[in-house]
Amino acid sequence: MDAEIFYVLVGAVVVAAIARWRGWPAPLLVTVVALAASFLPFVPDVEIDGHLLLNLVLPPLLYSAALDVSFVGFKRSLPQIRRLGITLVLLTSLAVGLVAWWILPSLTLPGALLLGAIVAPPDAVSAAAIGRKLGLPRRIMTVLSGESLINDATSLTLYRVFAAIIAGATVGIVDGIGQFLLAVGVGVAIGLVFGIVLHQLRMRINDAVVIGTFGLLAPFGAYAIAEHLLGSGVLAVVAMGLYVGYNSPRTDYTTRQQETPLWLSADLLLESFVFAYIGLQFPRVLSDLGGEEVGRILLLSGAVLLVVLIMRPLYVYPANGWANFQDRRRLERWDRTVESGAFDERRRESKRWKDYSAEELRSKIVRDRMAGLQLTWKDNAVISWAGMRGVVTLATALAAADLAALDTEPSHAIVVVAFIVTVGTLLLQGLTLPLLIRGLGIASDVDDQDDERAIAEVREKSRKAGKEFLAEKRIEWEQKYGEVDLGVFDGFTKRMTRVEKDTDEAQEVEDAAARPSYDDLVALSRGWLQVRRDILLAERDAGNLDEEVMRELMTAMDAEELALDTRGATRQQGRA
């Protein structure tokens, strides 16, 4: 068994590597190749417990995704994310459950609703991969990524409720809502505790290998403890990832440089294995069917696939339209408040409003509470069609098959439907989503223009802060060394504040300047880097700089600091 899993892992990674090399969506290619290979007689039949798959694969994938999500963007797009990740999952579960109960009454209503909970949550791994390749605007990527972080929690909570009903427990609507609130509260609390502890370790331990190891273990611990306390392990991992990712720029640069390739490799390995497993298991699942219900189960699979395909656009457009209508009404009420003079009275009574003008608060409302207005009908078309199912659907279906209270035929039906829906959405939506994006002409040109303006503003602020920093250092230098040649500060200032000039010219300026000791220059460079990092964090926290852009600029600064360390190590070796 161990050798078989190893062979599947190697084969899946090889196919994924080819897909990345050719610029193709790796999840789709891995699934298709595995599906074709499953009919070959020498390909091993790998069978894994669904609970094991959830506990081993889901925590690291969720944590890695949460690390990369912009917390500022997530917060700004929360109304859309909440609609897709909670309300749409609930409605899809109900619709699928009713259709399944009507077509296959032997499932029973709780079993049919259990099936609905299993197939309801989309897996945004493949959608995000396609979106990044085709340059989807950040507003769409934020919604898709954010949805994938919370819809699994909704689905797994529903799964837990319906599994308990099937086992004979009496669970009412109030009990179900209570379980959901408990799962959310406990999950988020456990995740924040883990996130705070991990962040403090990252701030205090200057060993990237040790911190990377803690980072690998933490998602499993947060998930397991939250589930043990009846919370949502998914939300625990997501909360921890968002907290650590948001505070990552405050940690040592070596931690970030170690962390990024580590999680990219882990994602490639785990995602490749999961999608390969989906393809390999599909023929075996079909072969397990027997009896008179085969045709009805296949009919049920097609009907459920159709329901999950049409439920998303049927909900996305009306929900987005209603949200936009409510946002416009909110702005109209605000304008009437300002015109009536009531705003000035409220501002005098409010500590939160006293430092803002009416125009500034209106802009803040638009920016923070009206993210829905940023999405056009084309954006919603992409979001509506980005509903591919994946690891959670597969793993919960396999776990449901092991429920003792579920008869053999219903359990087989659930597994078959889940596999057909997963493979069907991966192929139908995954293969056509690039065509839809290209056909609609959606691109990130506006994001690029906004990023260029934001970067230019940040660079100007960095120059001003850098000059102030160097002026202070010049005074310290004079106090420390007395009358010495201070030309190094002039050369350093020109080199560091003229970032758009050619690097060779800047290097000549540095070489022509009078130079003190190497350690003094390194100290100035590190101080200058810290000033720039502080500017980036301040602009990010103020909402003036997108978090993804900040991370790109931070990566460039990390490379500069690595160059300082590398040069220092080389000099030490030369002296030895």
# chains A, B, ... in the order shown; residues from 1 in each chain; ligands from 1
>>> closest_atom_pairs(of="range 58-143 of chain A", to="range 446-466 of chain A", cutoff="12 Å", atoms="only C-alpha atoms", output="JSON lines")
{"residue": "A:Gly135", "atom": "CA", "partner": "A:Asp447", "partner_atom": "CA", "distance": 10.0}
{"residue": "A:Leu136", "atom": "CA", "partner": "A:Asp447", "partner_atom": "CA", "distance": 9.6}
{"residue": "A:Pro137", "atom": "CA", "partner": "A:Asp447", "partner_atom": "CA", "distance": 6.5}
{"residue": "A:Arg138", "atom": "CA", "partner": "A:Asp447", "partner_atom": "CA", "distance": 6.9}
{"residue": "A:Arg139", "atom": "CA", "partner": "A:Asp447", "partner_atom": "CA", "distance": 8.9}
{"residue": "A:Ile140", "atom": "CA", "partner": "A:Asp447", "partner_atom": "CA", "distance": 11.3}
{"residue": "A:Met141", "atom": "CA", "partner": "A:Asp447", "partner_atom": "CA", "distance": 11.8}
>>> residues_around(residues="Gly430 in chain A", least_positions_apart="4", cutoff="10 Å", atoms="only C-alpha atoms", output="VMD selection string")
chain A and resid 25 27 to 28 126 to 127 130 385 to 388 423 to 426 434 to 435
>>> write_last_selection(atoms="N, CA and C atoms", output="mmCIF file, in the first residue's frame")
data_model
loop_
_atom_site.group_PDB
_atom_site.id
_atom_site.type_symbol
_atom_site.label_atom_id
_atom_site.label_comp_id
_atom_site.auth_asym_id
_atom_site.auth_seq_id
_atom_site.Cartn_x
_atom_site.Cartn_y
_atom_site.Cartn_z
ATOM 1 N N PRO A 25 -3.796 24.188 -16.734
ATOM 2 C CA PRO A 25 -4.296 23.999 -15.368
ATOM 3 C C PRO A 25 -3.903 22.620 -14.837
ATOM 4 N N PRO A 27 -4.599 20.895 -11.963
ATOM 5 C CA PRO A 27 -5.620 19.983 -11.431
ATOM 6 C C PRO A 27 -6.403 19.247 -12.516
ATOM 7 N N LEU A 28 -6.721 19.950 -13.602
ATOM 8 C CA LEU A 28 -7.503 19.318 -14.660
ATOM 9 C C LEU A 28 -6.695 18.235 -15.368
ATOM 10 N N SER A 126 -8.535 24.804 -8.335
ATOM 11 C CA SER A 126 -8.373 24.834 -9.785
ATOM 12 C C SER A 126 -8.852 26.155 -10.377
ATOM 13 N N ALA A 127 -9.920 26.734 -9.810
ATOM 14 C CA ALA A 127 -10.395 28.028 -10.306
ATOM 15 C C ALA A 127 -9.351 29.113 -10.090
ATOM 16 N N ILE A 130 -6.467 28.675 -12.582
ATOM 17 C CA ILE A 130 -6.829 29.173 -13.904
ATOM 18 C C ILE A 130 -6.859 30.698 -13.906
ATOM 19 N N TRP A 385 -19.445 30.547 -12.783
ATOM 20 C CA TRP A 385 -18.991 29.335 -13.456
ATOM 21 C C TRP A 385 -17.771 28.710 -12.773
ATOM 22 N N ALA A 386 -17.234 29.365 -11.772
ATOM 23 C CA ALA A 386 -16.058 28.845 -11.061
ATOM 24 C C ALA A 386 -16.522 28.026 -9.861
ATOM 25 N N GLY A 387 -17.207 26.914 -10.131
ATOM 26 C CA GLY A 387 -17.775 26.103 -9.051
ATOM 27 C C GLY A 387 -17.301 24.674 -9.057
ATOM 28 N N MET A 388 -16.057 24.448 -9.435
ATOM 29 C CA MET A 388 -15.534 23.082 -9.467
ATOM 30 C C MET A 388 -15.435 22.504 -8.064
ATOM 31 N N VAL A 423 -15.886 15.072 -10.701
ATOM 32 C CA VAL A 423 -15.238 14.931 -12.007
ATOM 33 C C VAL A 423 -15.968 15.756 -13.061
ATOM 34 N N GLY A 424 -17.305 15.766 -12.996
ATOM 35 C CA GLY A 424 -18.077 16.511 -13.986
ATOM 36 C C GLY A 424 -17.811 18.009 -13.929
ATOM 37 N N THR A 425 -17.789 18.580 -12.725
ATOM 38 C CA THR A 425 -17.522 20.014 -12.619
ATOM 39 C C THR A 425 -16.075 20.345 -12.999
ATOM 40 N N LEU A 426 -15.149 19.461 -12.638
ATOM 41 C CA LEU A 426 -13.752 19.710 -13.002
ATOM 42 C C LEU A 426 -13.581 19.768 -14.512
ATOM 43 N N PRO A 434 -11.541 28.928 -18.898
ATOM 44 C CA PRO A 434 -10.611 29.805 -19.641
ATOM 45 C C PRO A 434 -11.248 30.434 -20.874
ATOM 46 N N LEU A 435 -12.076 29.648 -21.587
ATOM 47 C CA LEU A 435 -12.757 30.191 -22.766
ATOM 48 C C LEU A 435 -13.710 31.308 -22.377
#
>>> residues_around(residues="Asp407 in chain A", least_positions_apart="5", cutoff="9 Å", atoms="only C-alpha atoms", output="PyMOL selection string")
chain A and resi 107+401+412
>>> select_by_dssp(residues="range 136-293 of chain A", states="alpha helix (DSSP H)", output="PyMOL selection string")
chain A and resi 138-166+173-204+208-228+233-247+253-287
>>> atom_distance(atom1="CA of Leu406 in chain A", atom2="CA of Trp102 in chain A")
18.2 Å
>>> closest_residue(among="A:Ser525, A:Ser38, A:Ser301, A:Thr254", to="Gly116 in chain A", atoms="only C-alpha atoms")
A:Ser301
>>> atom_distance(atom1="CA of Val89 in chain A", atom2="CA of Pro283 in chain A")
27.9 Å
>>> closest_residue(among="A:Ile383, A:Ala169, A:Met557, A:Ala538", to="Ile437 in chain A", atoms="only C-alpha atoms")
A:Ile383
>>> decode(residues="range 17-39 of chain A", atoms="N, CA, C and O atoms", output="PDB file, in the first residue's frame")
ATOM      1  N   ALA A  17       3.865  18.807 -13.007  1.00  0.00           N
ATOM      2  CA  ALA A  17       5.038  19.566 -13.458  1.00  0.00           C
ATOM      3  C   ALA A  17       4.961  19.851 -14.958  1.00  0.00           C
ATOM      4  O   ALA A  17       5.300  20.950 -15.419  1.00  0.00           O
ATOM      5  N   ILE A  18       4.506  18.872 -15.723  1.00  0.00           N
ATOM      6  CA  ILE A  18       4.339  19.077 -17.164  1.00  0.00           C
ATOM      7  C   ILE A  18       3.286  20.161 -17.434  1.00  0.00           C
ATOM      8  O   ILE A  18       3.460  21.017 -18.311  1.00  0.00           O
ATOM      9  N   ALA A  19       2.189  20.115 -16.655  1.00  0.00           N
ATOM     10  CA  ALA A  19       1.136  21.117 -16.833  1.00  0.00           C
ATOM     11  C   ALA A  19       1.658  22.518 -16.525  1.00  0.00           C
ATOM     12  O   ALA A  19       1.379  23.471 -17.259  1.00  0.00           O
ATOM     13  N   ARG A  20       2.430  22.646 -15.456  1.00  0.00           N
ATOM     14  CA  ARG A  20       2.989  23.959 -15.121  1.00  0.00           C
ATOM     15  C   ARG A  20       3.958  24.428 -16.191  1.00  0.00           C
ATOM     16  O   ARG A  20       4.017  25.615 -16.519  1.00  0.00           O
ATOM     17  N   TRP A  21       4.746  23.507 -16.727  1.00  0.00           N
ATOM     18  CA  TRP A  21       5.708  23.847 -17.773  1.00  0.00           C
ATOM     19  C   TRP A  21       5.009  24.346 -19.031  1.00  0.00           C
ATOM     20  O   TRP A  21       5.430  25.312 -19.664  1.00  0.00           O
ATOM     21  N   ARG A  22       3.887  23.715 -19.367  1.00  0.00           N
ATOM     22  CA  ARG A  22       3.151  24.092 -20.571  1.00  0.00           C
ATOM     23  C   ARG A  22       2.152  25.216 -20.322  1.00  0.00           C
ATOM     24  O   ARG A  22       1.520  25.703 -21.262  1.00  0.00           O
ATOM     25  N   GLY A  23       1.968  25.608 -19.057  1.00  0.00           N
ATOM     26  CA  GLY A  23       1.011  26.663 -18.751  1.00  0.00           C
ATOM     27  C   GLY A  23      -0.423  26.189 -18.728  1.00  0.00           C
ATOM     28  O   GLY A  23      -1.350  26.991 -18.896  1.00  0.00           O
ATOM     29  N   TRP A  24      -0.659  24.892 -18.492  1.00  0.00           N
ATOM     30  CA  TRP A  24      -2.010  24.335 -18.425  1.00  0.00           C
ATOM     31  C   TRP A  24      -2.473  24.243 -16.976  1.00  0.00           C
ATOM     32  O   TRP A  24      -1.659  24.186 -16.060  1.00  0.00           O
ATOM     33  N   PRO A  25      -3.796  24.188 -16.734  1.00  0.00           N
ATOM     34  CA  PRO A  25      -4.296  23.999 -15.368  1.00  0.00           C
ATOM     35  C   PRO A  25      -3.903  22.620 -14.837  1.00  0.00           C
ATOM     36  O   PRO A  25      -4.390  21.594 -15.345  1.00  0.00           O
ATOM     37  N   ALA A  26      -3.064  22.579 -13.842  1.00  0.00           N
ATOM     38  CA  ALA A  26      -2.542  21.307 -13.339  1.00  0.00           C
ATOM     39  C   ALA A  26      -3.635  20.395 -12.777  1.00  0.00           C
ATOM     40  O   ALA A  26      -3.619  19.184 -13.056  1.00  0.00           O
ATOM     41  N   PRO A  27      -4.599  20.895 -11.963  1.00  0.00           N
ATOM     42  CA  PRO A  27      -5.620  19.983 -11.431  1.00  0.00           C
ATOM     43  C   PRO A  27      -6.403  19.247 -12.516  1.00  0.00           C
ATOM     44  O   PRO A  27      -6.701  18.060 -12.370  1.00  0.00           O
ATOM     45  N   LEU A  28      -6.721  19.950 -13.602  1.00  0.00           N
ATOM     46  CA  LEU A  28      -7.503  19.318 -14.660  1.00  0.00           C
ATOM     47  C   LEU A  28      -6.695  18.235 -15.368  1.00  0.00           C
ATOM     48  O   LEU A  28      -7.185  17.121 -15.618  1.00  0.00           O
ATOM     49  N   LEU A  29      -5.448  18.555 -15.703  1.00  0.00           N
ATOM     50  CA  LEU A  29      -4.624  17.584 -16.408  1.00  0.00           C
ATOM     51  C   LEU A  29      -4.362  16.359 -15.542  1.00  0.00           C
ATOM     52  O   LEU A  29      -4.420  15.216 -16.040  1.00  0.00           O
ATOM     53  N   VAL A  30      -4.093  16.562 -14.269  1.00  0.00           N
ATOM     54  CA  VAL A  30      -3.854  15.430 -13.371  1.00  0.00           C
ATOM     55  C   VAL A  30      -5.101  14.550 -13.293  1.00  0.00           C
ATOM     56  O   VAL A  30      -5.007  13.308 -13.339  1.00  0.00           O
ATOM     57  N   THR A  31      -6.266  15.152 -13.179  1.00  0.00           N
ATOM     58  CA  THR A  31      -7.508  14.378 -13.099  1.00  0.00           C
ATOM     59  C   THR A  31      -7.747  13.585 -14.375  1.00  0.00           C
ATOM     60  O   THR A  31      -8.095  12.389 -14.335  1.00  0.00           O
ATOM     61  N   VAL A  32      -7.566  14.219 -15.523  1.00  0.00           N
ATOM     62  CA  VAL A  32      -7.809  13.547 -16.802  1.00  0.00           C
ATOM     63  C   VAL A  32      -6.825  12.399 -17.002  1.00  0.00           C
ATOM     64  O   VAL A  32      -7.216  11.283 -17.392  1.00  0.00           O
ATOM     65  N   VAL A  33      -5.549  12.633 -16.730  1.00  0.00           N
ATOM     66  CA  VAL A  33      -4.542  11.583 -16.905  1.00  0.00           C
ATOM     67  C   VAL A  33      -4.810  10.426 -15.941  1.00  0.00           C
ATOM     68  O   VAL A  33      -4.709   9.248 -16.312  1.00  0.00           O
ATOM     69  N   ALA A  34      -5.156  10.736 -14.696  1.00  0.00           N
ATOM     70  CA  ALA A  34      -5.446   9.678 -13.729  1.00  0.00           C
ATOM     71  C   ALA A  34      -6.686   8.888 -14.128  1.00  0.00           C
ATOM     72  O   ALA A  34      -6.736   7.655 -13.973  1.00  0.00           O
ATOM     73  N   LEU A  35      -7.686   9.580 -14.661  1.00  0.00           N
ATOM     74  CA  LEU A  35      -8.900   8.898 -15.110  1.00  0.00           C
ATOM     75  C   LEU A  35      -8.592   7.938 -16.251  1.00  0.00           C
ATOM     76  O   LEU A  35      -9.077   6.794 -16.273  1.00  0.00           O
ATOM     77  N   ALA A  36      -7.766   8.380 -17.196  1.00  0.00           N
ATOM     78  CA  ALA A  36      -7.382   7.502 -18.302  1.00  0.00           C
ATOM     79  C   ALA A  36      -6.520   6.338 -17.808  1.00  0.00           C
ATOM     80  O   ALA A  36      -6.679   5.186 -18.246  1.00  0.00           O
ATOM     81  N   ALA A  37      -5.612   6.624 -16.864  1.00  0.00           N
ATOM     82  CA  ALA A  37      -4.719   5.577 -16.365  1.00  0.00           C
ATOM     83  C   ALA A  37      -5.449   4.545 -15.531  1.00  0.00           C
ATOM     84  O   ALA A  37      -4.994   3.399 -15.407  1.00  0.00           O
ATOM     85  N   SER A  38      -6.587   4.912 -14.956  1.00  0.00           N
ATOM     86  CA  SER A  38      -7.308   3.989 -14.082  1.00  0.00           C
ATOM     87  C   SER A  38      -7.821   2.765 -14.830  1.00  0.00           C
ATOM     88  O   SER A  38      -8.113   1.734 -14.213  1.00  0.00           O
ATOM     89  N   PHE A  39      -7.939   2.853 -16.146  1.00  0.00           N
ATOM     90  CA  PHE A  39      -8.424   1.708 -16.926  1.00  0.00           C
ATOM     91  C   PHE A  39      -7.295   0.757 -17.319  1.00  0.00           C
ATOM     92  O   PHE A  39      -7.558  -0.293 -17.900  1.00  0.00           O
TER      93      PHE A  39
END
